[in-house]
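What follows is the content of structure37.tsv, which has TSV, C-alpha atoms:
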```
chain	number	residue	atom	x	y	z
S	16	MET	CA	14.12	-5.55	-11.73
S	17	ASN	CA	14.88	-1.93	-10.96
S	18	ARG	CA	12.13	-1.00	-8.55
S	19	HIS	CA	11.41	-2.13	-5.03
S	20	THR	CA	8.25	-2.30	-3.00
S	21	VAL	CA	7.57	-1.79	0.63
S	22	LEU	CA	5.05	-4.20	2.10
S	23	LEU	CA	3.39	-2.41	4.97
S	24	SER	CA	1.07	-4.46	7.16
S	25	PHE	CA	-1.60	-2.42	8.91
S	26	SER	CA	-1.53	-4.79	11.88
S	27	VAL	CA	2.11	-3.91	12.49
S	28	ILE	CA	2.18	-0.58	10.70
S	29	SER	CA	4.99	1.03	12.67
S	30	ALA	CA	7.19	-2.04	12.73
S	31	SER	CA	7.13	-3.80	9.36
S	32	LEU	CA	8.78	-2.10	6.39
S	33	LEU	CA	9.60	-5.12	4.30
S	34	PHE	CA	11.05	-5.17	0.81
S	35	THR	CA	10.52	-7.25	-2.30
S	36	SER	CA	11.26	-6.50	-5.94
S	37	CYS	CA	8.90	-5.76	-8.82
S	38	THR	CA	8.44	-3.56	-11.83
S	39	LYS	CA	5.54	-1.25	-12.58
S	40	GLN	CA	4.11	-3.80	-15.01
S	41	ASP	CA	5.51	-6.89	-13.26
S	42	ASP	CA	3.48	-10.08	-13.14
S	43	GLU	CA	5.64	-12.12	-10.75
S	44	PRO	CA	4.72	-13.13	-7.20
S	45	ALA	CA	6.60	-11.22	-4.54
S	46	THR	CA	8.32	-13.27	-1.87
S	47	PRO	CA	6.77	-12.61	1.56
S	48	SER	CA	9.23	-11.75	4.32
S	49	THR	CA	9.57	-14.34	7.06
S	50	ASN	CA	8.99	-11.49	9.52
S	51	THR	CA	5.44	-11.04	8.26
S	52	PRO	CA	2.67	-13.19	9.77
S	53	SER	CA	1.63	-15.64	7.04
S	54	ASN	CA	-1.99	-14.51	7.08
S	55	THR	CA	-1.31	-10.76	7.13
S	56	SER	CA	-2.35	-8.85	4.02
S	57	PRO	CA	0.25	-6.31	2.86
S	58	THR	CA	-0.23	-2.82	1.55
S	59	LEU	CA	2.07	-1.79	-1.24
S	60	ALA	CA	4.03	1.46	-1.54
S	61	PRO	CA	6.80	1.46	-4.17
S	62	SER	CA	10.16	3.11	-3.76
S	63	PHE	CA	12.27	4.17	-6.72
S	64	PRO	CA	16.07	3.76	-6.83
S	65	GLY	CA	17.72	7.14	-7.21
S	66	SER	CA	14.75	9.06	-5.83
S	67	ALA	CA	15.07	11.35	-2.82
S	68	GLY	CA	11.62	10.57	-1.45
S	69	VAL	CA	8.40	8.59	-1.83
S	70	LEU	CA	5.22	10.09	-0.33
S	71	TRP	CA	2.30	7.66	-0.49
S	72	ALA	CA	-1.37	8.01	0.47
S	73	VAL	CA	-3.45	4.85	0.94
S	74	ASN	CA	-7.23	4.75	1.25
S	75	THR	CA	-8.23	1.31	2.54
S	76	ILE	CA	-11.81	0.08	2.14
S	77	THR	CA	-12.66	-2.94	4.27
S	78	SER	CA	-15.88	-4.82	3.53
S	79	GLN	CA	-17.54	-6.66	6.40
S	80	THR	CA	-20.86	-8.32	7.07
S	81	ILE	CA	-22.33	-7.58	10.49
S	82	ALA	CA	-25.64	-9.09	11.61
S	83	GLY	CA	-26.30	-10.01	8.00
S	84	PHE	CA	-25.74	-6.48	6.66
S	85	PRO	CA	-22.75	-5.53	4.50
S	86	ILE	CA	-20.81	-2.46	5.64
S	87	GLU	CA	-17.67	-0.69	4.48
S	88	ILE	CA	-15.06	1.00	6.66
S	89	GLU	CA	-12.57	3.43	5.08
S	90	THR	CA	-9.21	4.11	6.70
S	91	GLY	CA	-6.71	6.68	5.39
S	92	VAL	CA	-2.97	6.23	5.91
S	93	GLY	CA	0.09	8.21	4.84
S	94	LEU	CA	3.61	6.86	4.38
S	95	ALA	CA	6.77	8.81	3.55
S	96	LEU	CA	10.28	7.49	2.84
S	97	PHE	CA	13.41	9.56	2.17
S	98	PRO	CA	16.21	7.19	1.10
S	99	THR	CA	19.86	8.00	1.63
S	100	GLU	CA	21.89	8.41	-1.54
S	101	GLY	CA	22.74	5.03	-3.02
S	102	SER	CA	20.33	3.08	-0.81
S	103	SER	CA	16.63	2.29	-1.10
S	104	THR	CA	16.40	0.73	2.36
S	105	THR	CA	18.11	3.33	4.58
S	106	TYR	CA	16.34	6.63	5.26
S	107	VAL	CA	17.10	10.12	6.52
S	108	ASP	CA	15.27	12.36	8.97
S	109	ALA	CA	13.48	14.93	6.79
S	110	GLY	CA	12.02	16.94	9.66
S	111	THR	CA	8.27	17.10	10.15
S	112	VAL	CA	5.94	15.52	7.60
S	113	SER	CA	2.18	15.99	7.31
S	114	LEU	CA	-0.54	14.83	4.95
S	115	ASN	CA	-3.82	16.77	4.79
S	116	ASP	CA	-2.74	18.54	7.99
S	117	ALA	CA	-2.27	15.23	9.85
S	118	ALA	CA	1.23	14.79	11.26
S	119	LEU	CA	3.03	11.57	10.37
S	120	SER	CA	5.08	9.88	13.09
S	121	ARG	CA	8.77	9.33	12.42
S	122	GLN	CA	9.81	5.78	13.24
S	123	THR	CA	13.19	4.65	14.57
S	124	ASN	CA	14.31	3.81	11.02
S	125	ASN	CA	13.31	7.34	9.82
S	126	THR	CA	10.23	6.19	7.94
S	127	TYR	CA	7.09	8.27	8.46
S	128	VAL	CA	3.65	6.72	9.05
S	129	SER	CA	0.34	8.23	10.07
S	130	THR	CA	-1.61	6.57	12.89
S	131	PRO	CA	-5.29	6.86	13.84
S	132	THR	CA	-6.14	9.06	16.82
S	133	GLN	CA	-9.09	9.38	19.18
S	134	THR	CA	-10.37	12.33	17.16
S	135	ALA	CA	-9.70	10.59	13.82
S	136	PRO	CA	-10.15	6.84	14.47
S	137	THR	CA	-10.31	6.03	10.75
S	138	GLY	CA	-7.17	7.95	9.93
S	139	ILE	CA	-6.80	10.65	7.29
S	140	ASP	CA	-9.90	11.75	5.39
S	141	PHE	CA	-9.39	11.24	1.64
S	142	SER	CA	-13.06	11.70	0.68
S	143	SER	CA	-12.19	14.73	-1.47
S	144	GLY	CA	-9.67	12.71	-3.45
S	145	GLN	CA	-7.02	15.34	-2.74
S	146	THR	CA	-3.74	15.07	-0.85
S	147	HIS	CA	-1.66	17.94	0.51
S	148	TRP	CA	1.89	17.04	1.57
S	149	THR	CA	4.18	19.28	3.59
S	150	VAL	CA	7.73	18.46	4.70
S	151	SER	CA	9.90	20.82	6.73
S	152	GLY	CA	13.08	19.34	5.26
S	153	GLY	CA	16.53	18.46	6.52
S	154	ASN	CA	19.53	16.23	5.79
S	155	GLY	CA	19.49	17.16	2.12
S	156	ILE	CA	15.70	17.02	1.76
S	157	PRO	CA	14.22	20.41	0.77
S	158	SER	CA	11.02	21.78	2.25
S	159	ILE	CA	8.02	20.39	0.34
S	160	ASP	CA	4.53	21.76	-0.20
S	161	GLN	CA	2.74	19.73	-2.86
S	162	ASP	CA	-0.84	18.98	-3.92
S	163	PRO	CA	-0.75	16.13	-6.49
S	164	SER	CA	-3.54	16.87	-8.94
S	165	PHE	CA	-4.54	13.32	-9.88
S	166	LEU	CA	-7.24	11.45	-7.97
S	167	PHE	CA	-7.19	8.11	-6.17
S	168	PRO	CA	-7.75	5.04	-8.35
S	169	SER	CA	-11.12	3.35	-8.01
S	170	VAL	CA	-11.79	-0.31	-7.28
S	171	GLY	CA	-15.25	-1.85	-7.07
S	172	GLU	CA	-16.55	-4.86	-5.20
S	173	LEU	CA	-14.54	-8.02	-4.68
S	174	THR	CA	-16.59	-10.85	-6.13
S	175	SER	CA	-14.45	-13.87	-5.21
S	176	SER	CA	-15.32	-16.54	-2.67
S	177	THR	CA	-14.71	-15.84	1.01
S	178	THR	CA	-13.25	-19.36	1.30
S	179	VAL	CA	-9.76	-19.95	-0.06
S	180	THR	CA	-8.98	-23.64	-0.60
S	181	ARG	CA	-5.22	-23.64	-1.00
S	182	SER	CA	-5.02	-26.95	-2.86
S	183	ASN	CA	-7.41	-25.64	-5.53
S	184	GLY	CA	-5.72	-22.29	-6.11
S	185	TYR	CA	-7.74	-19.08	-5.95
S	186	THR	CA	-8.80	-16.32	-8.35
S	187	LEU	CA	-9.22	-12.88	-6.82
S	188	VAL	CA	-11.61	-10.68	-8.82
S	189	ALA	CA	-12.63	-7.03	-8.44
S	190	THR	CA	-14.97	-4.88	-10.51
S	191	ASP	CA	-14.39	-1.47	-12.06
S	192	ILE	CA	-10.68	-0.90	-11.44
S	193	SER	CA	-9.69	2.36	-13.12
S	194	ALA	CA	-7.31	5.32	-13.18
S	195	CYS	CA	-4.22	3.42	-12.07
S	196	ASP	CA	-0.68	2.59	-13.14
S	197	SER	CA	-0.44	-0.87	-11.55
S	198	ILE	CA	-2.46	-3.17	-9.30
S	199	ALA	CA	-1.40	-5.30	-6.33
S	200	PHE	CA	-3.43	-8.45	-5.62
S	201	ALA	CA	-2.85	-10.16	-2.28
S	202	VAL	CA	-4.08	-13.28	-0.53
S	203	GLY	CA	-2.74	-13.10	3.00
S	204	SER	CA	0.96	-12.31	2.66
S	205	VAL	CA	1.21	-13.58	-0.94
S	206	LEU	CA	1.42	-10.61	-3.32
S	207	LYS	CA	1.25	-10.48	-7.13
S	208	MET	CA	1.48	-7.45	-9.40
S	209	LYS	CA	-0.67	-6.85	-12.47
S	210	PRO	CA	-0.74	-4.02	-15.04
S	211	SER	CA	-3.49	-1.45	-15.41
S	212	GLY	CA	-6.56	-2.88	-17.12
S	213	THR	CA	-6.51	-6.12	-15.12
S	214	THR	CA	-9.45	-7.03	-12.88
S	215	SER	CA	-8.49	-10.53	-11.72
S	216	CYS	CA	-5.47	-12.48	-10.56
S	217	THR	CA	-5.06	-16.24	-10.10
S	218	PHE	CA	-2.95	-17.66	-7.28
S	219	THR	CA	-1.75	-21.22	-7.73
S	220	ALA	CA	-1.84	-23.91	-5.07
S	221	ALA	CA	1.95	-23.69	-4.83
S	222	GLU	CA	1.84	-19.94	-4.23
S	223	LEU	CA	-0.77	-20.36	-1.49
S	224	SER	CA	0.93	-23.28	0.24
S	225	ALA	CA	2.88	-21.02	2.64
S	226	ILE	CA	-0.28	-19.44	4.07
S	227	ALA	CA	-1.55	-20.95	7.29
S	228	ALA	CA	-5.13	-22.17	7.59
S	229	GLY	CA	-7.53	-19.87	9.39
S	230	PRO	CA	-8.84	-16.30	9.09
S	231	SER	CA	-7.05	-14.05	6.61
S	232	ILE	CA	-7.59	-11.14	4.24
S	233	VAL	CA	-7.64	-10.73	0.46
S	234	GLN	CA	-6.86	-7.35	-1.03
S	235	VAL	CA	-6.90	-5.54	-4.39
S	236	SER	CA	-4.86	-2.34	-4.46
S	237	PRO	CA	-4.58	-0.18	-7.60
S	238	TYR	CA	-2.19	2.75	-7.37
S	239	LYS	CA	-1.14	5.79	-9.37
S	240	TYR	CA	1.85	8.11	-9.00
S	241	ASN	CA	3.79	10.99	-10.50
S	242	MET	CA	7.31	12.36	-10.16
S	243	VAL	CA	8.19	15.94	-9.20
S	244	THR	CA	11.69	17.43	-9.29
S	245	LEU	CA	12.41	19.69	-6.33
S	246	ALA	CA	15.81	21.29	-5.69
S	247	GLY	CA	17.23	19.02	-8.39
S	248	LYS	CA	15.97	15.85	-6.71
S	249	GLN	CA	13.22	13.43	-7.69
S	250	PHE	CA	10.22	12.87	-5.40
S	251	TYR	CA	7.40	10.44	-6.13
S	252	PHE	CA	3.85	11.10	-4.94
S	253	GLY	CA	1.39	8.21	-5.01
S	254	LYS	CA	-2.25	7.48	-4.32
S	255	GLN	CA	-3.50	3.97	-3.69
S	256	THR	CA	-6.97	2.57	-3.06
S	257	SER	CA	-6.98	-0.78	-1.31
S	258	ARG	CA	-10.16	-2.84	-1.02
S	259	SER	CA	-10.05	-5.84	1.29
S	260	TRP	CA	-12.28	-8.35	3.01
S	261	GLY	CA	-11.95	-11.28	5.35
S	262	VAL	CA	-11.65	-14.84	4.10
S	263	THR	CA	-11.10	-18.28	5.56
S	264	ILE	CA	-8.03	-20.20	4.41
S	265	GLN	CA	-8.50	-23.97	4.14
```

Mind turning the file's structure into structure tokens?
Amino acid sequence: MNRHTVLLSFSVISASLLFTSCTKQDDEPATPSTNTPSNTSPTLAPSFPGSAGVLWAVNTITSQTIAGFPIEIETGVGLALFPTEGSSTTYVDAGTVSLNDAALSRQTNNTYVSTPTQTAPTGIDFSSGQTHWTVSGGNGIPSIDQDPSFLFPSVGELTSSTTVTRSNGYTLVATDISACDSIAFAVGSVLKMKPSGTTSCTFTAAELSAIAAGPSIVQVSPYKYNMVTLAGKQFYFGKQTSRSWGVTIQ
């Protein structure tokens, strides 16, 4: 277990940076933090021990049915982490950070997160598939100007039931997942990792027992990344597509 993941809940995006452990090809359930609401669906952004920074772009697709018609809402979010040497959970101030010309807000723990604005209520536009990162630098972090060449992974429709009966277990299925390194499957706050090439994930009754009854979210999130060495330090740039929809937990 030599990698860690940040579970970032969109409902508390500036407050919850919660850590569990997994590998790129791990198939073990992550343990939800007790600080995360039990029915909150996480978004995954890995960090890498020994790296000087992780810069992650997430395109979230939420499927809803309104007045009998299915609709999709896309929201783009950027996350940047610059760990101190020897720690994957303590971060440094790296100056200003922007993604596709949108400034990320530095939080009190020195993590950087983009937030929707009145002029961009759905966040950062990733429709081109491209990401352009700039960092002014500081505290040992060099200035960064990078355009990762790979595209966002794709994930098709979720075809599972919108009712999750905990005592029966639940299989979360998506169509057409491609161009990724790993995939996160989540039911509420329960997260499991699967390798590339997987399109379904089964959650046992025991794994779902901690989730409270009521409205929740299921989510399938393939991601891809690469490493770039800048000023002798390793920086990881990732792109993640996260498709989610609302379910009822019983």

### Message
Is it possible to get the residues within 10 Å of (24.3, 14.2, 6.9) (coordinates as in the file, counting all atoms listed in the file) written as a list in words?
### Response
Thr99, Val107, Asp108, Gly153, Asn154 and Gly155 of chain S

### Message
So, with only C-alpha atoms as the atoms that count, which of S:Lys248, S:His147, S:Arg121, S:Lys207 lies closest to Gly68 of chain S?
### Response
S:Lys248

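Atom CA of Thr178 of chain S lies 14.3 Å from atom CA of Gln79 of chain S.
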
### Residues near segment 180-195 of chain S, cut-off 6 Å, only C-alpha atoms, skip fewer than 5 positions along chain, as a VMD selection string
chain S and resid 168 to 175 211 214 to 220 223 237 to 239 265

## Note on the structure
Ser259 of chain S proximity check over S:Leu119, S:Val150, S:Ile76, S:Val179, using only C-alpha atoms: winner is S:Ile76

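Between atom CA of Thr130 of chain S and atom CA of Thr111 of chain S lies a distance of 14.7 Å.
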
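Our summary of the geometry notes that atom CA of Leu96 of chain S is positioned 23.8 Å from atom CA of Ser142 of chain S.
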
#### Entry: Within 6 Å of Trp260 of chain S using only C-alpha atoms, minus same-chain residues under 3 positions, as a PyMOL selection string
chain S and resi 77-78+232-233
